[in-house]
Amino acid sequence: MIVNPILPGFNPDPSICRVGSDYYIATSTFEWYPGVQIHHSTDLVNWRLVSRPLTRASQLDMRGNPDSCGIWAPCLSYADGLFWLVYTDVKRLDGNFKDAHNYIVTAPDIAGPWSDPVYVNSSGFDPSLFHDEDGRKWFLNMVWNHRTDSIGGQPKHPAFAGILAQEYDAKAQKLVGEPVNIFTGSPHGLVEGAHLFHRDGWYYLTVAEGGTGYDHAVTMARSRALTGPYELHPDTFLMTSKDAPDAPLQRAGHGQIVETPDGAVYHTHLCSRPLPGTRRSPLGRETGLQKCVWGEDGWLRLAQGGLVPAVEVEAPDPQARRLPAEPVHRDFTGDSLPEEFQWLRTPFPERIFSLTGSALRLHARESIGSWFEQALVARRQEHWSFRAETSVTFAPRNFQQTAGLTHYYNRSKFHYLAVTWHEAHGRVLTILSCPGDWPHGKLVFPLDTPVALPDDGPVELAADVDGAALQFSYRVSGGDWQRVGPVLDASVISDEGGRGEHASFTGAFIGMAAFDTSGSAIGADFDRFAYFPGNG
């Protein structure tokens with residue numbers, strides 16, 4: 001069976017394509033660098049990260065991008081012997097404007113090399129590229145109307161003004177002709193994330209509607225002509241969990257159709273799994289996959305019936321089995337960062353970290369939560385419960401220098417166990433928390449008194465997360481693990497924590513951080529990192 005989510009943890013807005021017997025899914029990465037994650041599968045059951053295409057400054061520079069800006073909703077396709085990746089770099093979230101710039105890069109192989117970007121337009125976000133059977137290419141994106149009271153966290157329908165389609169001349173690398181608003185959405189509103197699929201003389205359009213919160217949905221329409229007019233699906237939606245509050249997969253929406261070589265149909269979608277009894281999703285918006293069937297009326301529907309996505313779905317190969325999650329141990333002895341790790345915003349990682357051959361060295365820069373240059377290297381939280389461990393060698397000289405382990409969402413939602421310096425106690429452990437204080441990012445300090453440490457030597461740090469509870473611990477000189485600080489609220493490290501749904505769109509990370517607000521860029525060496533998956 002396909003077990004959902006197929007890509008656990010922060011992996012939203014899945015765009016899928018098939019090349020022969022190979023399937024690829026591209027997902028949004030927002031402010032995390034490198035941009036876009038592409039996973040590969042041959043059975044739709046097991047997936048492996050194979051590429052992050054946007055790796056250099058000429059393709060992507062997000063320094064200064066606010067939280068939850070950056071790469072929104074990429075579209076991956078294959079045509080003319082090339083992979084085509086369309087993406088948006090969003091430079092503003094709050095207020096009436098979005099400043100969403102759309103680009104195309106190509107590559108002969110999924111692993112690259114990926115081209116420098118071709119700028120397309122800035123009229124709205126969530127672009128896609130449709131390769132029609134006659135060889136013409138069409139660029140689609142929603143159009144953003146700033147003449148509304150839409151602000152971050154409170155999306156208003158008038159701002160989502162419809163889906164634009166315009167022909168793209170690949171040889172000239174530009175749009176040609178005039179854009180046409182082909183679909184203004186259903187009454188559900190907030191239309192975005194358009195993808196086209198051609199079958200039996202019909203152009204089928206799937207879009208995301210209802211916002212990315214608990215009213216999210218995949219809406220479907222069709223037309224005999226690409227530019228419309230489009231008629232709505234008799235059920236309006238292909239899938240949604242908006243009327244099923246107890247369903248395990250919530251916030252279902254935004255995905256794309258794919259056919260197997262045998263003609264079976266599947267549809268990707270984003271989803272979230274709130275912690276039981278809450279409406280908070282630390283794992284963020286994940287990727288799911290549903291089997292669909294064409295009805296006698298020519299409309300697509302979920303194979304299991306109804307609108308609610310299923311956790312277990314029939315796979316094309318009945319012999320395929322999902323591989324179990326295993327603990328991950330990294331010792332940083334290689335010459336490149338392990339594939340699961342990312343950093344924030346900057347295309348110049350050498351400024352914030354290096355690999356010494358025996359450790360990951362963070363070059364402490366700006367404060368934790370900076371939108372420009374912070375030394376934070378982390379991996380996705382993929383389970384409701386997990387344990388993470390690391391070991392840091394760090395010799396701070398003043399209180400402005402810290403290095404340690406962080407459970408991180410953004411500048412207003414994180415917990416940080418840090419080695420630092422205290423005037424009265426010398427080298428110490430402290431905890432810095434920001435439990436959802438937007439827009440100020442005001443810190444709280446859960447420890448009444450910092451924990452004294454030996455003057456030198458490595459310090460091992462750990463975080464145990466069990467649902468909504470986070471407990472930090474530490475040890476030195478191979479001694480016993482000791483808890484440090486109170487149990488902290490891990491549920492705030494979620495999409496809905498702080499400002500609430502529609503205000504942030506990524507997911508929880510666990511990783512290593514360092515800052516030096518004195519400006520001397522002190523180094524901190526992390527010689528290992530381990531992630532032990534629990535339940536969920």
# chains A, B, ... in the order shown; residues from 1 in each chain; ligands from 1
call {"tool": "select_by_dssp", "arguments": {"residues": "segment 270-474 of chain A", "states": "strand (DSSP E)", "output": "ChimeraX atom specification"}}
result
/A:270-272,286-294,300-302,312-313,328-330,343-344,353-355,360-363,375-380,385-393,401-410,413-422,426-435,451-452,459-466,469-474
call {"tool": "write_last_selection", "arguments": {"atoms": "C-alpha atoms", "output": "short mmCIF file (atom, residue, chain, number, x, y, z; two decimals), in the first residue's frame"}}
result
data_model
loop_
_atom_site.label_atom_id
_atom_site.label_comp_id
_atom_site.auth_asym_id
_atom_site.auth_seq_id
_atom_site.Cartn_x
_atom_site.Cartn_y
_atom_site.Cartn_z
CA LEU A 270 -0.59 18.50 0.46
CA CYS A 271 -1.97 17.58 3.87
CA SER A 272 -1.22 17.93 7.55
CA GLU A 286 3.24 17.16 4.01
CA THR A 287 2.79 15.34 0.70
CA GLY A 288 0.10 12.72 0.15
CA LEU A 289 -0.97 10.66 -2.86
CA GLN A 290 -4.45 9.38 -3.73
CA LYS A 291 -5.60 6.86 -6.31
CA CYS A 292 -8.35 8.21 -8.58
CA VAL A 293 -10.68 6.81 -11.22
CA TRP A 294 -12.39 8.34 -14.22
CA LEU A 300 -12.08 12.24 -11.94
CA ARG A 301 -12.91 11.06 -8.40
CA LEU A 302 -11.13 9.41 -5.49
CA GLU A 312 -3.64 3.84 2.88
CA VAL A 313 -4.01 3.73 -0.88
CA VAL A 328 20.10 8.57 11.21
CA HIS A 329 23.64 9.15 12.51
CA ARG A 330 25.91 11.78 10.95
CA TRP A 343 20.09 26.29 5.96
CA LEU A 344 18.28 29.60 5.65
CA PHE A 353 29.42 26.82 7.82
CA SER A 354 32.30 24.65 6.65
CA LEU A 355 33.30 21.01 6.98
CA LEU A 360 30.57 20.73 10.94
CA ARG A 361 31.88 24.17 11.88
CA LEU A 362 29.29 26.90 12.19
CA HIS A 363 30.63 30.41 11.71
CA ALA A 375 24.34 30.08 11.04
CA LEU A 376 21.62 27.46 11.40
CA VAL A 377 21.86 24.01 9.79
CA ALA A 378 18.90 21.75 10.42
CA ARG A 379 16.77 18.86 9.17
CA ARG A 380 13.02 18.37 9.05
CA SER A 385 7.91 12.01 18.55
CA PHE A 386 11.68 11.86 18.11
CA ARG A 387 15.01 12.35 19.85
CA ALA A 388 17.87 14.41 18.44
CA GLU A 389 21.42 14.50 19.76
CA THR A 390 24.51 16.51 18.90
CA SER A 391 27.90 17.32 20.40
CA VAL A 392 29.44 20.78 20.25
CA THR A 393 32.92 22.07 21.03
CA GLN A 401 28.18 34.23 21.56
CA THR A 402 26.07 31.05 21.62
CA ALA A 403 26.03 27.63 19.96
CA GLY A 404 23.69 24.71 20.46
CA LEU A 405 20.63 22.70 19.50
CA THR A 406 17.38 24.27 18.30
CA HIS A 407 13.82 23.15 17.60
CA TYR A 408 13.03 25.83 15.02
CA TYR A 409 10.16 27.09 12.89
CA ASN A 410 10.90 30.79 12.34
CA LYS A 413 8.68 30.20 17.03
CA PHE A 414 11.71 28.32 18.36
CA HIS A 415 13.37 26.76 21.42
CA TYR A 416 17.17 26.90 21.65
CA LEU A 417 19.46 25.11 24.11
CA ALA A 418 22.74 26.98 23.89
CA VAL A 419 26.26 27.00 25.27
CA THR A 420 27.24 30.58 26.09
CA TRP A 421 29.21 32.70 28.57
CA HIS A 422 27.98 34.25 31.81
CA GLY A 426 31.76 31.29 33.08
CA ARG A 427 30.77 28.82 30.38
CA VAL A 428 27.13 27.84 30.86
CA LEU A 429 24.02 26.37 29.29
CA THR A 430 21.00 28.57 28.73
CA ILE A 431 17.67 28.26 26.93
CA LEU A 432 16.26 30.92 24.63
CA SER A 433 12.63 30.48 23.61
CA CYS A 434 10.29 32.45 21.42
CA PRO A 435 6.89 30.77 21.86
CA VAL A 451 23.71 25.65 34.14
CA ALA A 452 27.45 25.80 34.84
CA VAL A 459 29.10 19.33 25.44
CA GLU A 460 26.48 16.84 24.29
CA LEU A 461 22.97 18.20 23.79
CA ALA A 462 19.68 16.41 23.22
CA ALA A 463 16.04 17.19 22.55
CA ASP A 464 13.23 14.74 23.21
CA VAL A 465 9.95 15.67 21.56
CA ASP A 466 6.81 13.72 22.36
CA ALA A 469 6.20 18.27 24.87
CA LEU A 470 9.89 19.13 24.44
CA GLN A 471 12.52 18.27 27.03
CA PHE A 472 16.13 19.34 26.58
CA SER A 473 19.02 17.46 28.21
CA TYR A 474 22.82 17.51 28.22
#
call {"tool": "residues_around", "arguments": {"residues": "Asp495 of chain A", "least_positions_apart": "2", "cutoff": "8 Å", "atoms": "only C-alpha atoms", "output": "list in words"}}
result
Arg280, Ser281, Pro282, Gly284, Ile493, Gly497, Gly500, Glu501, Ala503, Ser504, Phe505, Thr506 and Gly507 of chain A
call {"tool": "write_last_selection", "arguments": {"atoms": "N, CA and C atoms", "output": "PDB file, in the first residue's frame"}}
result
ATOM      1  N   ARG A 280      -2.877  21.985  15.690  1.00  0.00           N
ATOM      2  CA  ARG A 280      -1.505  22.400  15.455  1.00  0.00           C
ATOM      3  C   ARG A 280      -0.745  21.266  14.787  1.00  0.00           C
ATOM      4  N   SER A 281       0.008  21.615  13.735  1.00  0.00           N
ATOM      5  CA  SER A 281       0.685  20.625  12.886  1.00  0.00           C
ATOM      6  C   SER A 281       2.181  20.911  12.829  1.00  0.00           C
ATOM      7  N   PRO A 282       2.958  20.427  13.820  1.00  0.00           N
ATOM      8  CA  PRO A 282       4.401  20.694  13.800  1.00  0.00           C
ATOM      9  C   PRO A 282       5.101  20.170  12.550  1.00  0.00           C
ATOM     10  N   GLY A 284       4.140  20.368   9.695  1.00  0.00           N
ATOM     11  CA  GLY A 284       3.876  21.244   8.566  1.00  0.00           C
ATOM     12  C   GLY A 284       2.938  20.603   7.566  1.00  0.00           C
ATOM     13  N   ILE A 493       5.777  25.131  17.736  1.00  0.00           N
ATOM     14  CA  ILE A 493       6.707  25.043  16.605  1.00  0.00           C
ATOM     15  C   ILE A 493       5.940  24.378  15.456  1.00  0.00           C
ATOM     16  N   GLY A 497       0.925  27.573  15.196  1.00  0.00           N
ATOM     17  CA  GLY A 497       1.389  28.225  16.412  1.00  0.00           C
ATOM     18  C   GLY A 497       1.565  29.717  16.200  1.00  0.00           C
ATOM     19  N   GLY A 500      -1.248  31.669  13.928  1.00  0.00           N
ATOM     20  CA  GLY A 500      -2.322  30.795  13.488  1.00  0.00           C
ATOM     21  C   GLY A 500      -2.241  30.471  12.010  1.00  0.00           C
ATOM     22  N   GLU A 501      -3.200  29.658  11.535  1.00  0.00           N
ATOM     23  CA  GLU A 501      -3.196  29.198  10.155  1.00  0.00           C
ATOM     24  C   GLU A 501      -3.246  30.380   9.185  1.00  0.00           C
ATOM     25  N   ALA A 503      -0.780  32.037   8.269  1.00  0.00           N
ATOM     26  CA  ALA A 503       0.247  33.031   8.563  1.00  0.00           C
ATOM     27  C   ALA A 503       1.658  32.495   8.384  1.00  0.00           C
ATOM     28  N   SER A 504       1.828  31.168   8.406  1.00  0.00           N
ATOM     29  CA  SER A 504       3.150  30.592   8.181  1.00  0.00           C
ATOM     30  C   SER A 504       2.971  29.207   7.573  1.00  0.00           C
ATOM     31  N   PHE A 505       3.932  28.799   6.739  1.00  0.00           N
ATOM     32  CA  PHE A 505       3.662  27.709   5.802  1.00  0.00           C
ATOM     33  C   PHE A 505       4.766  26.669   5.699  1.00  0.00           C
ATOM     34  N   THR A 506       5.623  26.546   6.693  1.00  0.00           N
ATOM     35  CA  THR A 506       6.746  25.625   6.537  1.00  0.00           C
ATOM     36  C   THR A 506       6.558  24.402   7.435  1.00  0.00           C
ATOM     37  N   GLY A 507       7.358  24.242   8.482  1.00  0.00           N
ATOM     38  CA  GLY A 507       7.278  23.099   9.366  1.00  0.00           C
ATOM     39  C   GLY A 507       8.439  23.131  10.342  1.00  0.00           C
TER      40      GLY A 507
END
call {"tool": "atom_distance", "arguments": {"atom1": "atom CA of Ser477 of chain A", "atom2": "atom CA of Ala490 of chain A"}}
result
28.6 Å
call {"tool": "residues_around", "arguments": {"residues": "Ala165 of chain A", "least_positions_apart": "2", "cutoff": "8 Å", "atoms": "only C-alpha atoms", "output": "MDAnalysis selection string"}}
result
chainID A and resid 138:141 163 167 179:182 227
call {"tool": "closest_residue", "arguments": {"among": "A:Ser358, A:Asn398, A:Ser128, A:Thr206", "to": "Ser520 of chain A", "atoms": "only C-alpha atoms"}}
result
A:Asn398
call {"tool": "closest_atom_pairs", "arguments": {"of": "segment 343-377 of chain A", "to": "segment 53-69 of chain A", "cutoff": "6 Å", "atoms": "only C-alpha atoms", "output": "tab-separated table"}}
result
residue	atom	partner	partner_atom	distance
A:Arg345	CA	A:Met62	CA	4.5
A:Thr346	CA	A:Arg63	CA	5.5
A:Pro347	CA	A:Ala57	CA	5.0
A:Trp371	CA	A:Gly64	CA	4.9
A:Phe372	CA	A:Arg63	CA	4.5
call {"tool": "closest_residue", "arguments": {"among": "A:Pro450, A:Gly306, A:Gly523, A:Pro533", "to": "Arg351 of chain A", "atoms": "only C-alpha atoms"}}
result
A:Gly523
call {"tool": "closest_residue", "arguments": {"among": "A:Gly536, A:Pro245, A:Gly369, A:Pro12", "to": "Thr268 of chain A", "atoms": "only C-alpha atoms"}}
result
A:Pro12
call {"tool": "closest_residue", "arguments": {"among": "A:Asp109, A:Leu93, A:Pro117, A:His233", "to": "Gly295 of chain A", "atoms": "only C-alpha atoms"}}
result
A:His233
call {"tool": "residues_around", "arguments": {"residues": "Ile104 of chain A", "least_positions_apart": "5", "cutoff": "12 Å", "atoms": "only C-alpha atoms", "output": "number ranges by chain"}}
result
A: 53-54, 59-60, 74-77, 82-89, 114-121, 127-129, 139, 168, 170, 173-175
call {"tool": "residues_around", "arguments": {"residues": "His269 of chain A", "least_positions_apart": "6", "cutoff": "12 Å", "atoms": "only C-alpha atoms", "output": "MDAnalysis selection string"}}
result
chainID A and resid 4:7 11:16 25:27 73 193 206:208 212 216:219 238:241 249:258 285:291 308:310
call {"tool": "residues_around", "arguments": {"residues": "Ala315 of chain A", "least_positions_apart": "2", "cutoff": "8 Å", "atoms": "only C-alpha atoms", "output": "MDAnalysis selection string"}}
result
chainID A and resid 1:2 43:45 313 317:318 320
call {"tool": "closest_residue", "arguments": {"among": "A:Met220, A:Asp489, A:Asp200, A:Pro454", "to": "Val476 of chain A", "atoms": "only C-alpha atoms"}}
result
A:Pro454
call {"tool": "decode", "arguments": {"residues": "segment 485-500 of chain A", "atoms": "all heavy atoms", "output": "mmCIF file, in the first residue's frame"}}
result
data_model
loop_
_atom_site.group_PDB
_atom_site.id
_atom_site.type_symbol
_atom_site.label_atom_id
_atom_site.label_comp_id
_atom_site.auth_asym_id
_atom_site.auth_seq_id
_atom_site.Cartn_x
_atom_site.Cartn_y
_atom_site.Cartn_z
ATOM 1 N N GLY A 485 16.113 22.479 32.233
ATOM 2 C CA GLY A 485 14.963 23.330 31.966
ATOM 3 C C GLY A 485 13.643 22.593 32.086
ATOM 4 O O GLY A 485 13.599 21.362 32.208
ATOM 5 N N PRO A 486 12.547 23.336 32.027
ATOM 6 C CA PRO A 486 11.215 22.733 32.112
ATOM 7 C C PRO A 486 10.809 22.082 30.797
ATOM 8 O O PRO A 486 11.466 22.254 29.771
ATOM 9 C CB PRO A 486 10.326 23.942 32.415
ATOM 10 C CG PRO A 486 11.018 25.078 31.710
ATOM 11 C CD PRO A 486 12.492 24.803 31.880
ATOM 12 N N VAL A 487 9.704 21.333 30.826
ATOM 13 C CA VAL A 487 9.103 20.835 29.593
ATOM 14 C C VAL A 487 8.544 22.036 28.834
ATOM 15 O O VAL A 487 7.802 22.855 29.387
ATOM 16 C CB VAL A 487 7.993 19.812 29.898
ATOM 17 C CG1 VAL A 487 7.259 19.428 28.614
ATOM 18 C CG2 VAL A 487 8.582 18.587 30.581
ATOM 19 N N LEU A 488 8.909 22.151 27.583
ATOM 20 C CA LEU A 488 8.514 23.290 26.756
ATOM 21 C C LEU A 488 7.408 22.880 25.784
ATOM 22 O O LEU A 488 7.246 21.698 25.467
ATOM 23 C CB LEU A 488 9.728 23.812 25.987
ATOM 24 C CG LEU A 488 10.909 24.276 26.845
ATOM 25 C CD1 LEU A 488 12.122 24.585 25.977
ATOM 26 C CD2 LEU A 488 10.530 25.496 27.690
ATOM 27 N N ASP A 489 6.692 23.865 25.291
ATOM 28 C CA ASP A 489 5.584 23.629 24.368
ATOM 29 C C ASP A 489 6.128 23.429 22.958
ATOM 30 O O ASP A 489 6.519 24.394 22.296
ATOM 31 C CB ASP A 489 4.607 24.799 24.414
ATOM 32 C CG ASP A 489 3.388 24.596 23.526
ATOM 33 O OD1 ASP A 489 3.251 23.497 22.937
ATOM 34 O OD2 ASP A 489 2.577 25.543 23.410
ATOM 35 N N ALA A 490 6.151 22.166 22.522
ATOM 36 C CA ALA A 490 6.621 21.880 21.164
ATOM 37 C C ALA A 490 5.543 22.140 20.129
ATOM 38 O O ALA A 490 5.856 22.263 18.937
ATOM 39 C CB ALA A 490 7.091 20.430 21.074
ATOM 40 N N SER A 491 4.283 22.230 20.530
ATOM 41 C CA SER A 491 3.218 22.409 19.549
ATOM 42 C C SER A 491 3.248 23.795 18.920
ATOM 43 O O SER A 491 2.713 23.984 17.825
ATOM 44 C CB SER A 491 1.846 22.172 20.191
ATOM 45 O OG SER A 491 1.471 23.239 21.044
ATOM 46 N N VAL A 492 3.872 24.758 19.597
ATOM 47 C CA VAL A 492 3.942 26.101 19.021
ATOM 48 C C VAL A 492 4.886 26.133 17.821
ATOM 49 O O VAL A 492 4.810 27.026 16.967
ATOM 50 C CB VAL A 492 4.364 27.133 20.087
ATOM 51 C CG1 VAL A 492 5.862 27.053 20.375
ATOM 52 C CG2 VAL A 492 3.965 28.550 19.676
ATOM 53 N N ILE A 493 5.777 25.131 17.736
ATOM 54 C CA ILE A 493 6.707 25.043 16.605
ATOM 55 C C ILE A 493 5.940 24.378 15.456
ATOM 56 O O ILE A 493 6.229 23.264 15.021
ATOM 57 C CB ILE A 493 7.972 24.252 16.983
ATOM 58 C CG1 ILE A 493 8.502 24.663 18.349
ATOM 59 C CG2 ILE A 493 9.046 24.420 15.907
ATOM 60 C CD1 ILE A 493 8.901 26.140 18.438
ATOM 61 N N SER A 494 4.941 25.079 14.956
ATOM 62 C CA SER A 494 3.996 24.503 13.996
ATOM 63 C C SER A 494 3.440 25.597 13.105
ATOM 64 O O SER A 494 3.567 26.789 13.389
ATOM 65 C CB SER A 494 2.833 23.823 14.742
ATOM 66 O OG SER A 494 2.061 24.774 15.453
ATOM 67 N N ASP A 495 2.792 25.174 12.016
ATOM 68 C CA ASP A 495 2.142 26.133 11.123
ATOM 69 C C ASP A 495 1.176 27.033 11.880
ATOM 70 O O ASP A 495 1.101 28.240 11.646
ATOM 71 C CB ASP A 495 1.351 25.396 10.035
ATOM 72 C CG ASP A 495 2.237 24.717 9.000
ATOM 73 O OD1 ASP A 495 3.457 24.873 9.078
ATOM 74 O OD2 ASP A 495 1.687 24.037 8.127
ATOM 75 N N GLU A 496 0.388 26.417 12.770
ATOM 76 C CA GLU A 496 -0.703 27.155 13.397
ATOM 77 C C GLU A 496 -0.284 27.838 14.692
ATOM 78 O O GLU A 496 -1.063 28.609 15.273
ATOM 79 C CB GLU A 496 -1.871 26.197 13.700
ATOM 80 C CG GLU A 496 -2.400 25.459 12.493
ATOM 81 C CD GLU A 496 -1.752 24.096 12.292
ATOM 82 O OE1 GLU A 496 -0.602 23.893 12.750
ATOM 83 O OE2 GLU A 496 -2.393 23.226 11.688
ATOM 84 N N GLY A 497 0.925 27.573 15.196
ATOM 85 C CA GLY A 497 1.389 28.225 16.412
ATOM 86 C C GLY A 497 1.565 29.717 16.200
ATOM 87 O O GLY A 497 1.765 30.201 15.091
ATOM 88 N N GLY A 498 1.497 30.460 17.283
ATOM 89 C CA GLY A 498 1.670 31.908 17.170
ATOM 90 C C GLY A 498 0.506 32.571 16.476
ATOM 91 O O GLY A 498 -0.604 32.603 16.985
ATOM 92 N N ARG A 499 0.723 33.057 15.266
ATOM 93 C CA ARG A 499 -0.299 33.820 14.541
ATOM 94 C C ARG A 499 -1.464 32.953 14.070
ATOM 95 O O ARG A 499 -2.530 33.476 13.777
ATOM 96 C CB ARG A 499 0.323 34.503 13.323
ATOM 97 C CG ARG A 499 1.384 35.524 13.661
ATOM 98 C CD ARG A 499 2.095 36.010 12.401
ATOM 99 N NE ARG A 499 1.212 36.755 11.525
ATOM 100 C CZ ARG A 499 1.557 37.182 10.304
ATOM 101 N NH1 ARG A 499 2.760 36.878 9.840
ATOM 102 N NH2 ARG A 499 0.723 37.869 9.575
ATOM 103 N N GLY A 500 -1.248 31.669 13.928
ATOM 104 C CA GLY A 500 -2.322 30.795 13.488
ATOM 105 C C GLY A 500 -2.241 30.471 12.010
ATOM 106 O O GLY A 500 -1.336 30.899 11.288
#
